[in-house]
Structure formats: structure tokens, C-alpha cells
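What's in run-v5.txt: compact mmCIF, C-alpha atoms (C1' of nucleotides)
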# COMPACT_ATOMS: atom_id res chain seq x y z
CA MET A 238 49.29 67.07 35.65
CA SER A 239 46.36 69.26 36.63
CA THR A 240 46.27 71.34 39.79
CA LEU A 241 43.69 73.04 41.94
CA PRO A 242 44.25 76.30 43.82
CA PHE A 243 44.33 76.25 47.61
CA ARG A 244 44.34 79.54 49.48
CA LEU A 245 45.36 79.27 53.10
CA ALA A 246 45.08 82.16 55.57
CA THR A 247 46.06 82.99 59.14
CA TRP A 248 44.54 85.79 61.18
CA ASN A 249 44.86 86.82 64.80
CA VAL A 250 41.41 88.33 65.25
CA ASN A 251 41.89 89.54 68.86
CA SER A 252 38.41 88.38 69.99
CA LEU A 253 36.25 86.50 67.50
CA LYS A 254 33.13 87.93 69.12
CA VAL A 255 34.19 91.48 68.29
CA ARG A 256 35.69 90.59 64.92
CA LEU A 257 33.03 88.26 63.47
CA PRO A 258 31.68 91.03 61.21
CA HIS A 259 35.22 91.71 59.97
CA LEU A 260 35.72 88.02 59.25
CA GLN A 261 32.42 87.87 57.38
CA GLN A 262 33.26 90.94 55.34
CA TRP A 263 36.75 89.72 54.58
CA LEU A 264 35.67 86.23 53.53
CA ALA A 265 33.10 87.69 51.16
CA SER A 266 35.89 88.84 48.86
CA ALA A 267 39.13 87.09 49.87
CA SER A 268 38.36 83.64 48.35
CA ILE A 269 39.88 81.59 51.15
CA ASP A 270 39.85 77.77 51.22
CA ALA A 271 41.21 77.25 54.73
CA LEU A 272 41.80 79.57 57.63
CA GLY A 273 43.52 79.49 61.01
CA LEU A 274 42.39 81.98 63.65
CA GLN A 275 44.14 82.99 66.86
CA GLU A 276 43.04 84.84 69.98
CA THR A 277 39.42 83.84 69.54
CA LYS A 278 39.04 84.49 73.30
CA THR A 279 35.92 82.37 73.53
CA VAL A 280 35.06 79.08 75.23
CA ASP A 281 34.00 76.32 72.83
CA ALA A 282 30.39 76.45 74.05
CA ASP A 283 30.15 80.07 72.87
CA PHE A 284 32.04 79.61 69.60
CA PRO A 285 29.99 81.06 66.70
CA GLY A 286 29.88 77.78 64.79
CA ALA A 287 26.47 78.40 63.22
CA GLU A 288 27.55 81.79 61.88
CA LEU A 289 30.66 80.22 60.34
CA THR A 290 28.63 77.34 58.88
CA ALA A 291 26.50 80.01 57.24
CA LEU A 292 29.70 81.32 55.63
CA GLY A 293 30.37 77.85 54.24
CA LEU A 294 33.07 76.96 56.77
CA GLU A 295 33.54 73.87 58.88
CA GLY A 296 36.32 72.65 61.13
CA GLY A 297 37.33 72.73 64.77
CA TRP A 298 38.05 75.14 67.57
CA TYR A 299 39.85 75.08 70.87
CA GLY A 300 39.22 77.94 73.23
CA GLN A 301 39.19 79.12 76.79
CA LYS A 302 37.82 82.01 78.78
CA THR A 303 39.31 85.48 78.19
CA TYR A 304 42.65 84.51 76.64
CA ASN A 305 44.14 82.60 73.72
CA GLY A 306 41.93 80.31 71.65
CA VAL A 307 42.44 78.97 68.11
CA ALA A 308 40.24 77.68 65.30
CA LEU A 309 40.86 75.83 62.05
CA LEU A 310 38.16 76.35 59.42
CA ALA A 311 37.78 75.37 55.79
CA ARG A 312 35.35 75.17 52.88
CA SER A 313 35.98 71.41 52.68
CA PRO A 314 36.05 68.80 55.44
CA VAL A 315 38.67 69.13 58.17
CA THR A 316 39.65 65.66 59.38
CA ASP A 317 41.81 64.19 62.14
CA ILE A 318 41.53 67.27 64.34
CA VAL A 319 44.04 67.37 67.19
CA ARG A 320 43.92 70.01 69.94
CA GLY A 321 47.01 71.17 71.78
CA ILE A 322 50.52 69.71 71.49
CA PRO A 323 50.23 65.95 72.14
CA GLY A 324 52.21 64.96 75.22
CA TYR A 325 52.75 68.56 76.34
CA ALA A 326 50.60 69.60 79.29
CA ASP A 327 49.44 73.17 78.66
CA GLU A 328 46.47 74.91 80.26
CA GLN A 329 46.48 77.47 77.48
CA THR A 330 44.60 76.75 74.25
CA ARG A 331 47.14 77.58 71.57
CA VAL A 332 47.24 74.86 68.89
CA ILE A 333 44.77 73.06 66.66
CA ALA A 334 45.65 70.77 63.77
CA GLY A 335 43.63 69.16 61.03
CA THR A 336 43.86 67.82 57.50
CA VAL A 337 42.29 69.75 54.64
CA ARG A 338 42.44 68.48 51.04
CA GLY A 339 45.44 66.33 51.86
CA VAL A 340 47.35 69.15 53.57
CA ARG A 341 48.08 68.83 57.29
CA VAL A 342 47.53 72.31 58.76
CA ILE A 343 48.74 73.19 62.25
CA ASP A 344 47.41 76.50 63.53
CA CYS A 345 49.41 78.05 66.39
CA TYR A 346 49.20 80.95 68.77
CA VAL A 347 52.74 81.12 70.13
CA PRO A 348 53.04 82.73 73.60
CA ASN A 349 53.89 86.41 73.58
CA GLY A 350 56.55 86.21 76.28
CA GLN A 351 55.82 89.70 77.63
CA ALA A 352 59.46 90.57 78.51
CA ILE A 353 62.85 88.86 78.46
CA ASP A 354 63.06 88.69 82.26
CA SER A 355 59.51 87.37 82.64
CA ASP A 356 58.32 83.87 83.54
CA LYS A 357 56.21 84.15 80.41
CA TYR A 358 59.38 84.34 78.33
CA THR A 359 60.64 81.13 79.93
CA TYR A 360 57.28 79.55 79.13
CA LYS A 361 57.51 80.82 75.55
CA LEU A 362 60.88 79.16 74.97
CA ALA A 363 59.78 75.88 76.60
CA TRP A 364 56.59 75.97 74.55
CA LEU A 365 58.55 76.52 71.33
CA SER A 366 60.76 73.55 72.21
CA ALA A 367 57.67 71.35 72.62
CA LEU A 368 56.30 72.70 69.33
CA ARG A 369 59.55 71.83 67.56
CA ASP A 370 59.39 68.22 68.76
CA TYR A 371 55.75 67.99 67.68
CA LEU A 372 56.49 69.43 64.24
CA ALA A 373 59.47 67.10 63.75
CA SER A 374 57.15 64.13 64.15
CA GLU A 375 54.42 65.72 62.02
CA LEU A 376 56.92 66.36 59.22
CA GLU A 377 57.66 62.65 59.13
CA ARG A 378 53.99 61.77 58.94
CA HIS A 379 52.79 64.47 56.54
CA PRO A 380 54.81 65.42 53.45
CA GLN A 381 52.33 68.26 52.83
CA LEU A 382 52.48 70.23 56.07
CA ALA A 383 51.61 73.87 56.77
CA VAL A 384 52.31 75.51 60.11
CA ILE A 385 50.48 78.80 60.34
CA GLY A 386 49.64 81.37 62.95
CA ASP A 387 50.79 84.17 65.19
CA PHE A 388 54.37 83.20 66.03
CA ASN A 389 55.06 86.29 68.13
CA ILE A 390 58.57 86.30 66.63
CA ALA A 391 59.80 88.65 63.91
CA PRO A 392 62.14 86.35 61.93
CA ASP A 393 64.55 89.02 60.77
CA ASP A 394 65.29 92.75 61.08
CA ARG A 395 63.49 93.20 57.74
CA ASP A 396 60.37 92.25 59.65
CA VAL A 397 60.80 95.03 62.24
CA HIS A 398 59.99 98.70 61.60
CA ASP A 399 62.68 99.92 64.01
CA PRO A 400 65.25 97.16 64.58
CA LYS A 401 67.34 99.34 66.86
CA ALA A 402 64.46 100.10 69.22
CA TRP A 403 63.43 96.42 69.24
CA GLU A 404 66.93 94.98 69.56
CA GLY A 405 67.04 92.30 72.24
CA GLN A 406 63.39 92.81 73.15
CA VAL A 407 60.75 90.15 73.30
CA LEU A 408 59.57 89.18 69.76
CA THR A 409 63.04 89.83 68.28
CA SER A 410 65.46 88.34 70.82
CA ALA A 411 68.19 85.95 69.65
CA ALA A 412 66.79 82.98 71.57
CA GLU A 413 63.34 83.40 70.03
CA ARG A 414 64.76 83.79 66.54
CA ALA A 415 66.91 80.71 67.10
CA ALA A 416 63.80 78.75 68.10
CA LEU A 417 62.05 79.81 64.90
CA ALA A 418 65.18 79.10 62.86
CA SER A 419 65.28 75.58 64.29
CA LEU A 420 61.82 74.98 62.80
CA CYS A 421 63.10 76.18 59.45
CA GLN A 422 66.19 73.97 59.74
CA MET A 423 63.83 70.98 59.91
CA GLY A 424 62.53 71.98 56.48
CA LEU A 425 59.72 74.39 57.24
CA GLU A 426 59.94 77.51 55.09
CA ASP A 427 58.51 80.99 55.69
CA VAL A 428 56.82 81.12 52.28
CA PHE A 429 56.37 84.91 52.43
CA ARG A 430 60.07 85.26 51.64
CA ARG A 431 59.88 83.07 48.54
CA PHE A 432 58.53 86.14 46.76
CA GLU A 433 59.46 89.76 46.19
CA GLN A 434 57.66 91.82 48.82
CA PRO A 435 57.07 95.51 49.40
CA GLU A 436 59.31 97.34 51.87
CA LYS A 437 57.84 97.54 55.36
CA SER A 438 55.67 94.46 55.03
CA TYR A 439 54.23 93.83 58.47
CA SER A 440 51.29 91.91 59.91
CA TRP A 441 50.85 93.60 63.31
CA TRP A 442 50.72 97.24 64.33
CA ASP A 443 50.26 98.55 67.87
CA TYR A 444 46.90 100.14 68.51
CA ARG A 445 48.69 103.05 70.17
CA ALA A 446 50.49 106.08 68.80
CA MET A 447 49.05 105.72 65.28
CA ALA A 448 51.42 102.85 64.59
CA PHE A 449 49.51 101.64 61.53
CA ARG A 450 49.50 105.09 59.93
CA ARG A 451 53.23 105.39 60.62
CA LYS A 452 53.87 101.90 59.16
CA ALA A 453 55.42 101.02 62.53
CA GLY A 454 54.77 97.31 62.63
CA LEU A 455 56.21 93.83 62.91
CA ARG A 456 55.80 90.74 60.72
CA ILE A 457 55.01 88.03 63.25
CA ASP A 458 52.14 86.16 61.53
CA LEU A 459 53.64 83.46 59.36
CA ILE A 460 52.85 80.61 57.01
CA LEU A 461 55.50 77.89 57.11
CA ALA A 462 55.44 75.03 54.63
CA SER A 463 57.18 71.68 54.30
CA PRO A 464 59.44 71.28 51.26
CA ALA A 465 56.82 69.46 49.16
CA LEU A 466 54.16 72.05 49.97
CA ALA A 467 56.46 75.07 49.66
CA ALA A 468 57.33 73.90 46.14
CA ARG A 469 53.63 74.31 45.29
CA CYS A 470 53.37 77.83 46.71
CA THR A 471 52.48 80.46 44.11
CA GLY A 472 52.27 83.55 46.32
CA CYS A 473 52.03 84.95 49.81
CA THR A 474 50.75 88.36 50.87
CA VAL A 475 49.65 90.34 53.88
CA ASP A 476 46.16 91.75 53.32
CA VAL A 477 46.39 95.07 55.17
CA GLU A 478 42.89 96.16 54.15
CA PRO A 479 41.03 94.86 57.25
CA ARG A 480 43.48 96.79 59.46
CA ARG A 481 42.00 99.99 57.97
CA TRP A 482 38.46 99.09 58.92
CA GLU A 483 36.50 100.44 61.86
CA ARG A 484 37.49 98.79 65.18
CA PRO A 485 40.09 96.46 63.61
CA SER A 486 42.15 93.64 65.00
CA ASP A 487 45.72 94.81 65.56
CA HIS A 488 46.80 91.98 63.21
CA ALA A 489 46.16 91.70 59.47
CA PRO A 490 45.45 88.38 57.75
CA VAL A 491 48.24 86.66 55.80
CA VAL A 492 47.34 84.52 52.79
CA ALA A 493 49.38 81.95 50.88
CA SER A 494 48.28 80.35 47.60
CA PHE A 495 49.22 76.84 46.53
CA ASP A 496 48.64 74.75 43.42
CA LEU A 497 47.69 71.35 44.82
CA ALA A 498 47.77 68.19 42.76
CA ALA A 499 44.27 67.34 41.51
CA ASP A 500 44.37 63.58 41.26
C1' DA G 553 57.46 110.64 76.72
C1' DT G 554 58.50 103.76 79.67
C1' DG G 555 53.04 106.42 77.87
C1' DG G 556 49.95 105.93 74.04
C1' DC G 557 45.12 101.62 72.80
C1' DT G 558 41.94 97.54 72.93
C1' DA G 559 39.46 93.52 74.99
C1' DA G 560 37.77 90.55 78.82
C1' DC G 561 35.85 90.50 83.11
C1' DA G 562 33.21 93.18 85.65
C1' DT G 563 30.71 97.21 86.39
C1' DG G 564 36.41 100.09 88.60
C1' DG G 565 40.40 98.76 87.81
C1' DT G 566 43.33 94.83 86.70
C1' DT G 567 45.52 91.60 83.34
C1' DA G 568 47.33 90.90 78.93
C1' DG G 569 48.64 91.81 74.56
C1' DA G 570 53.27 92.80 71.40
For this file, write the structure as C-alpha cells.
Amino acid sequence: MSTLPFRLATWNVNSLKVRLPHLQQWLASASIDALGLQETKTVDADFPGAELTALGLEGGWYGQKTYNGVALLARSPVTDIVRGIPGYADEQTRVIAGTVRGVRVIDCYVPNGQAIDSDKYTYKLAWLSALRDYLASELERHPQLAVIGDFNIAPDDRDVHDPKAWEGQVLTSAAERAALASLCQMGLEDVFRRFEQPEKSYSWWDYRAMAFRRKAGLRIDLILASPALAARCTGCTVDVEPRRWERPSDHAPVVASFDLAAD
DNA sequence: ATGGCTAACATGGTTAGA
């Protein structure tokens, strides 16, 4: 049976307006078939659709003023686009889903949570519960499902540069990790860990205190795959190169490769 | 050292990120 490669990426760009040149430069060499963005921070009317069309991308976006904002883009048609979590009232634009080459892709920007004692943390956990219910139903409908994005949860202490300093903090707390684990218990797999990876593999580094230079980061940007899709995964890497560029996003893109059936 | 830096909105200083 013949297969075709499918390279799927997620990138929190921290303002698409500022990072459009970075995206253009990265796409020129990264050979990406589909891409989920987070923190576009732009209303849909201002979304740079023409610039992305010029890069050979199409798809959908779901943004708001100042905060949040997601986009799902691909080199082939993106169909059945759904914005937000159906049935969950949320003023924040954090999810967009679509189907690309037979793969259902759900792009998420999970709430940060700010601090354990914050209302935003309560919102984060409630939001993750709504996401879990949504994904349970999507798993039933779509054997080939990818859930990608900025999860704002480091799955394990391996994914934290200083586990002691981060212990019990937002992004590593037990309740957040349990919420992520419950997604994995439904069959979604963090494909990054299917493969041998370098020590200190992270996807986010604080802008402050030379965190990137010190390799003081967290791995919070993930690509989860359903069993049938995970079985087709041939690799997953963090591309740290754009984090070295001038005026970078604080997140690096993560890329997973799949061999899809070519029927 | 509880700061450090960046972006949006606004046009000085606040909010938010993680």
C-alpha cells in the first residue's frame, strides 16, 4: 500500500502581525502541509489571509482583539471548519477544527491559568473538561484525529527545565496534568514521546533572564494523535531555529510527520 | 532577586502571558 507524507505543525506565534515574516521565512524551508497557529491576537477582519494565500495556504481563522486567536492553515483544502467548542459558551477564541486530507485537526490554545489560586485557573480546568467532552465525541466520529496546539501544560517533569522550582505551579500542577492525562486515556497520544528525543527538549522559553540561552524552558506545545493516526507517525521534533531569530515568538514550532494512506 | 521581557492598546501605564 502506498503512502504520502503529511507534515503537521503547531506554533504559538504570539501575535501573527509581528510574526508574519517569521512564518514566511520558516515555511520557505520547513515543508509543512498543515499548520495550527495560536495567539494570533488579531480580529478576523484584519487576518492576513492574502499574505497566507500567497504562501500557498488556505483554511480558517478565529480571532479576537488583543488576546488569544487561532488559525488552521494547509496547502490543501480545509473542510468542515468548526470554531470554538460546540455547546460550550466561551468568549475567548481558542479552538478551530477542520479536515485536511482525511485527517480531522483540532487546533487549541488552552488557557494559561495564571496562578493556582486565580479565577483563570478555575476557568482553565473547566475549559479542559469541556475540551475532553468535545474530543471524546470527535474521536468517535474521526478515526484519524490530531489535536494540536499550546496546551499550557507540561505533561511530565521531563518537560520542565527545573521541576523543583515549578512543582505545584500553574502549567505543571497535578490537576492540570490529570486533565491532560484524561485526554490520553481516551486514546490520544503525545506523539513526541514515541521517539527518542534530546535531553532538555522544550517548546517555550521565557523572554526574560536569557531563558533560551540557559535552556530553561518547558514543553507545552503538543501534537496528540488518535491511535490510527499515531500508528502512522514517523517523527516529531521541536524546531528551535525560529526561537534564535531576531524578535522571536517565545514558542518554537513543533512538527510531526505522518505517512498517510494514498488511496 | 517574586524581578527580569514582549505585545496590545494607547500614547503612560495596565493587562496578560507562562
Mind dumping a table of every chain G residue within 12 Å of chain A, with the nearest atom pair and its distance in Å to one decimal, using all atoms listed in the file, sorted by chain and rising number, as JSON lines?
{"residue": "G:DA553", "atom": "C1'", "partner": "A:Ala446", "partner_atom": "CA", "distance": 11.5}
{"residue": "G:DG555", "atom": "C1'", "partner": "A:Ala446", "partner_atom": "CA", "distance": 9.4}
{"residue": "G:DG556", "atom": "C1'", "partner": "A:Arg445", "partner_atom": "CA", "distance": 5.0}
{"residue": "G:DC557", "atom": "C1'", "partner": "A:Arg445", "partner_atom": "CA", "distance": 4.7}
{"residue": "G:DT558", "atom": "C1'", "partner": "A:Tyr444", "partner_atom": "CA", "distance": 7.1}
{"residue": "G:DA559", "atom": "C1'", "partner": "A:Ser252", "partner_atom": "CA", "distance": 7.2}
{"residue": "G:DA560", "atom": "C1'", "partner": "A:Thr303", "partner_atom": "CA", "distance": 5.3}
{"residue": "G:DC561", "atom": "C1'", "partner": "A:Thr303", "partner_atom": "CA", "distance": 7.8}
{"residue": "G:DT567", "atom": "C1'", "partner": "A:Thr303", "partner_atom": "CA", "distance": 10.1}
{"residue": "G:DA568", "atom": "C1'", "partner": "A:Tyr304", "partner_atom": "CA", "distance": 8.2}
{"residue": "G:DG569", "atom": "C1'", "partner": "A:Asn349", "partner_atom": "CA", "distance": 7.6}
{"residue": "G:DA570", "atom": "C1'", "partner": "A:Asn349", "partner_atom": "CA", "distance": 6.8}
Go ahead and compute the interatomic distance for atom CA of A:Ala363 and atom C1' of G:DT554, in Å to one decimal.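 It comes out at 28.1 Å.
Going from atom CA of A:Leu417 to atom CA of A:Leu365 covers 8.0 Å.
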Pairwise distance for atom CA of A:Leu292 and atom CA of A:Trp482, rounded to one decimal in Å: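 Here the two named atoms are 20.1 Å from each other.
Close contacts of A:Val492, defined as residues with an atom at most 7 Å away when counting all atoms listed in the file, with chain neighbours fewer than 3 positions off set aside, comprise Arg244, Leu245, Ala246, Thr247, Cys473, Thr474 and Val475 of chain A.
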If we count all atoms listed in the file, what is near A:Ile269 at a cut-off of 12 Å, once residues fewer than 2 positions away on the same chain are taken out, given as a ChimeraX atom specification? /A:242-248,260-261,263-267,271-273,292-294,310-313,490-495
Proximity to A:Val347 - best of A:Ala402, A:Ile318, A:Ala291, A:Leu459, only C-alpha atoms: A:Leu459
Using only C-alpha atoms (C1' of nucleotides), find all polymer residues with an atom at most 9 Å away from the point (52.4, 66.9, 54.1); report them as an mmCIF file with C-alpha atoms, keeping the file's coordinate frame.
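File selection.cif, as written:
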data_model
loop_
_atom_site.group_PDB
_atom_site.id
_atom_site.type_symbol
_atom_site.label_atom_id
_atom_site.label_comp_id
_atom_site.auth_asym_id
_atom_site.auth_seq_id
_atom_site.Cartn_x
_atom_site.Cartn_y
_atom_site.Cartn_z
ATOM 1 C CA GLY A 339 45.440 66.330 51.860
ATOM 2 C CA VAL A 340 47.350 69.150 53.570
ATOM 3 C CA ARG A 341 48.080 68.830 57.290
ATOM 4 C CA VAL A 342 47.530 72.310 58.760
ATOM 5 C CA GLU A 375 54.420 65.720 62.020
ATOM 6 C CA LEU A 376 56.920 66.360 59.220
ATOM 7 C CA GLU A 377 57.660 62.650 59.130
ATOM 8 C CA ARG A 378 53.990 61.770 58.940
ATOM 9 C CA HIS A 379 52.790 64.470 56.540
ATOM 10 C CA PRO A 380 54.810 65.420 53.450
ATOM 11 C CA GLN A 381 52.330 68.260 52.830
ATOM 12 C CA LEU A 382 52.480 70.230 56.070
ATOM 13 C CA ALA A 383 51.610 73.870 56.770
ATOM 14 C CA ALA A 462 55.440 75.030 54.630
ATOM 15 C CA SER A 463 57.180 71.680 54.300
ATOM 16 C CA PRO A 464 59.440 71.280 51.260
ATOM 17 C CA ALA A 465 56.820 69.460 49.160
ATOM 18 C CA LEU A 466 54.160 72.050 49.970
#
Would you kindly return, as a PyMOL selection string, each protein, DNA or RNA residue with an atom no farther than 12 Å from any atom of A:Glu404, considering all atoms listed in the file and excluding same-chain residues fewer than 6 positions away? chain A and resi 353+391+393-394+397-398+410-411+414
Please produce an output containing C-alpha atoms for each residue in the selection, written as a compact mmCIF listing (two decimals), in the frame of the given file.
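What ended up in result.txt:
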# COMPACT_ATOMS: atom_id res chain seq x y z
CA ILE A 353 62.85 88.86 78.46
CA ALA A 391 59.80 88.65 63.91
CA ASP A 393 64.55 89.02 60.77
CA ASP A 394 65.29 92.75 61.08
CA VAL A 397 60.80 95.03 62.24
CA HIS A 398 59.99 98.70 61.60
CA SER A 410 65.46 88.34 70.82
CA ALA A 411 68.19 85.95 69.65
CA ARG A 414 64.76 83.79 66.54
Give me, as a PDB file with C-alpha atoms, in the coordinates of the input, all polymer residues having an atom no more than 12 Å from A:Ser419, counting all atoms listed in the file and skipping those fewer than 3 positions away in the same chain.
ATOM      1  CA  LEU A 365      58.550  76.520  71.330  1.00  0.00           C
ATOM      2  CA  SER A 366      60.760  73.550  72.210  1.00  0.00           C
ATOM      3  CA  LEU A 368      56.300  72.700  69.330  1.00  0.00           C
ATOM      4  CA  ARG A 369      59.550  71.830  67.560  1.00  0.00           C
ATOM      5  CA  ASP A 370      59.390  68.220  68.760  1.00  0.00           C
ATOM      6  CA  LEU A 372      56.490  69.430  64.240  1.00  0.00           C
ATOM      7  CA  ALA A 373      59.470  67.100  63.750  1.00  0.00           C
ATOM      8  CA  PRO A 392      62.140  86.350  61.930  1.00  0.00           C
ATOM      9  CA  ALA A 412      66.790  82.980  71.570  1.00  0.00           C
ATOM     10  CA  GLU A 413      63.340  83.400  70.030  1.00  0.00           C
ATOM     11  CA  ARG A 414      64.760  83.790  66.540  1.00  0.00           C
ATOM     12  CA  ALA A 415      66.910  80.710  67.100  1.00  0.00           C
ATOM     13  CA  ALA A 416      63.800  78.750  68.100  1.00  0.00           C
ATOM     14  CA  GLN A 422      66.190  73.970  59.740  1.00  0.00           C
ATOM     15  CA  MET A 423      63.830  70.980  59.910  1.00  0.00           C
ATOM     16  CA  GLY A 424      62.530  71.980  56.480  1.00  0.00           C
ATOM     17  CA  LEU A 425      59.720  74.390  57.240  1.00  0.00           C
ATOM     18  CA  GLU A 426      59.940  77.510  55.090  1.00  0.00           C
TER      19      GLU A 426
END
Find the spatial neighbours of A:Asp496, counting only C-alpha atoms (C1' of nucleotides), within a cut-off of 8 Å - ignore same-chain residues fewer than 4 positions away - and output them as a PDB file with C-alpha atoms, in the frame of the given file.
ATOM      1  CA  THR A 240      46.270  71.340  39.790  1.00  0.00           C
ATOM      2  CA  LEU A 241      43.690  73.040  41.940  1.00  0.00           C
ATOM      3  CA  PRO A 242      44.250  76.300  43.820  1.00  0.00           C
ATOM      4  CA  PHE A 243      44.330  76.250  47.610  1.00  0.00           C
ATOM      5  CA  ARG A 469      53.630  74.310  45.290  1.00  0.00           C
ATOM      6  CA  CYS A 470      53.370  77.830  46.710  1.00  0.00           C
ATOM      7  CA  THR A 471      52.480  80.460  44.110  1.00  0.00           C
TER       8      THR A 471
END
